[in-house]
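Peer 1: Next comes run15.cif, mmCIF, C-alpha atoms:
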```
data_structure
#
loop_
_atom_site.group_PDB
_atom_site.id
_atom_site.type_symbol
_atom_site.label_atom_id
_atom_site.label_comp_id
_atom_site.auth_asym_id
_atom_site.auth_seq_id
_atom_site.Cartn_x
_atom_site.Cartn_y
_atom_site.Cartn_z
ATOM 1 C CA ALA M 1 0.000 0.000 0.000
ATOM 2 C CA PRO M 2 1.243 3.524 -0.694
ATOM 3 C CA LEU M 3 2.649 5.511 2.208
ATOM 4 C CA GLU M 4 0.071 7.854 3.752
ATOM 5 C CA LEU M 5 1.549 11.165 4.870
ATOM 6 C CA PRO M 6 0.161 13.063 7.857
ATOM 7 C CA SER M 7 -2.263 15.832 6.980
ATOM 8 C CA PHE M 8 -3.338 18.673 9.218
ATOM 9 C CA GLN M 9 -6.384 20.922 9.179
ATOM 10 C CA MET M 10 -6.407 24.104 11.261
ATOM 11 C CA THR M 11 -9.434 26.134 12.296
ATOM 12 C CA PRO M 12 -9.956 28.977 12.049
ATOM 13 C CA SER M 13 -8.193 28.915 8.685
ATOM 14 C CA GLN M 14 -8.592 32.649 8.060
ATOM 15 C CA HIS M 15 -7.436 35.796 9.810
ATOM 16 C CA GLN M 16 -9.682 36.630 12.737
ATOM 17 C CA ILE M 17 -10.211 39.940 14.515
ATOM 18 C CA VAL M 18 -10.738 39.568 18.252
ATOM 19 C CA PHE M 19 -10.697 42.022 21.090
ATOM 20 C CA GLN M 20 -9.095 41.686 24.499
ATOM 21 C CA GLY M 21 -11.260 39.455 26.654
ATOM 22 C CA ASP M 22 -12.839 37.657 23.676
ATOM 23 C CA SER M 23 -12.311 33.927 23.269
ATOM 24 C CA LEU M 24 -10.850 32.435 20.104
ATOM 25 C CA PRO M 25 -10.708 28.643 19.980
ATOM 26 C CA PHE M 26 -8.133 27.009 17.709
ATOM 27 C CA GLN M 27 -8.400 23.430 16.572
ATOM 28 C CA CYS M 28 -5.930 21.171 14.781
ATOM 29 C CA MET M 29 -7.131 17.894 13.304
ATOM 30 C CA ALA M 30 -4.510 15.457 12.023
ATOM 31 C CA SER M 31 -4.754 12.192 10.132
ATOM 32 C CA PHE M 32 -2.238 9.384 9.649
ATOM 33 C CA VAL M 33 -0.159 10.295 12.695
ATOM 34 C CA ASP M 34 1.727 8.069 15.113
ATOM 35 C CA GLU M 35 0.628 7.880 18.739
ATOM 36 C CA ASP M 36 3.882 9.549 19.807
ATOM 37 C CA MET M 37 3.404 12.584 17.528
ATOM 38 C CA GLN M 38 2.717 15.891 19.275
ATOM 39 C CA VAL M 39 0.971 19.047 18.112
ATOM 40 C CA LEU M 40 2.484 22.089 19.794
ATOM 41 C CA TRP M 41 1.150 25.643 19.673
ATOM 42 C CA TYR M 42 3.487 28.638 19.327
ATOM 43 C CA GLN M 43 2.896 32.383 19.500
ATOM 44 C CA ASP M 44 5.676 34.827 18.618
ATOM 45 C CA GLY M 45 8.235 32.010 18.674
ATOM 46 C CA LYS M 46 7.300 30.833 22.187
ATOM 47 C CA MET M 47 5.464 27.619 22.988
ATOM 48 C CA VAL M 48 1.959 28.246 24.355
ATOM 49 C CA GLU M 49 1.496 26.682 27.789
ATOM 50 C CA PRO M 50 -1.835 26.055 29.539
ATOM 51 C CA ASP M 51 -2.702 28.894 31.925
ATOM 52 C CA ALA M 52 -6.170 28.859 33.496
ATOM 53 C CA THR M 53 -5.743 32.394 34.871
ATOM 54 C CA GLN M 54 -5.282 33.636 31.292
ATOM 55 C CA GLY M 55 -7.988 31.343 29.903
ATOM 56 C CA ILE M 56 -5.517 29.191 27.945
ATOM 57 C CA TYR M 57 -6.571 25.550 27.842
ATOM 58 C CA ILE M 58 -4.981 22.818 25.740
ATOM 59 C CA GLU M 59 -7.024 19.677 25.192
ATOM 60 C CA LYS M 60 -5.469 16.565 23.690
ATOM 61 C CA SER M 61 -7.349 13.640 22.200
ATOM 62 C CA MET M 62 -6.501 10.876 19.761
#
```
Could you render the structure as structure tokens?
Peer 2:
Amino acid sequence: APLELPSFQMTPSQHQIVFQGDSLPFQCMASFVDEDMQVLWYQDGKMVEPDATQGIYIEKSM
């Protein structure tokens, strides 16, 4: 069988305008990935870490 390469779909896929205090959920869906693969989020070159006081939640599911 031919090799299946991982594919990723990000939402929202367009530029969004939000204001301070607004929520903006991001979602990444991946197919054909190994169980040990990770999806990491970065903003301005720094990895985004969960921070409940700032309303930053990272949910992982396979």
Peer 1: Given all atoms listed in the file as the basis, pick out the residue of M:Tyr42, M:Val18, M:Phe32, M:Gln27 nearest to M:Pro6.
Peer 2: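 With all atoms listed in the file as the atom set, the closest residue is M:Phe32.
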Peer 1: Pick from M:Gln38, M:Gln43, M:Ser31, M:Gln54: nearest to M:Leu5, with all atoms listed in the file counted?
Peer 2: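 Residue with the minimum atom-to-atom distance to M:Leu5: M:Ser31.
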Peer 1: Between atom CA of M:Gln16 and atom CA of M:Lys60, what is the distance in Å, rounded to a tenth?
Peer 2: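 Rounded to one decimal, the two atoms are 23.2 Å apart.
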Peer 1: Pick out the closest residue to M:Thr11 from this set: M:Ala52, M:Met29, M:Leu40, M:Ser23. Count all atoms listed in the file.
Peer 2: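 Looking only at the distances to M:Thr11, the closest residue turns out to be M:Met29.
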Peer 1: For M:Cys28, which residue out of M:Pro50, M:Pro12, M:Gly55, M:Gly45 is the nearest one, using only C-alpha atoms?
Peer 2: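 Looking at the shortest contact to M:Cys28, the residue is M:Pro12.
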Peer 1: Could you work out how far atom CA of M:Phe26 lies from atom CA of M:Tyr57, giving the answer in Å with one decimal?
Peer 2: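 Taking atom CA of M:Tyr57 and atom CA of M:Phe26, their separation equals 10.4 Å.
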Peer 1: Quote the spacing between atom CA of M:Glu4 and atom CA of M:Val33 in Å to one decimal place.
Peer 2: 9.3 Å
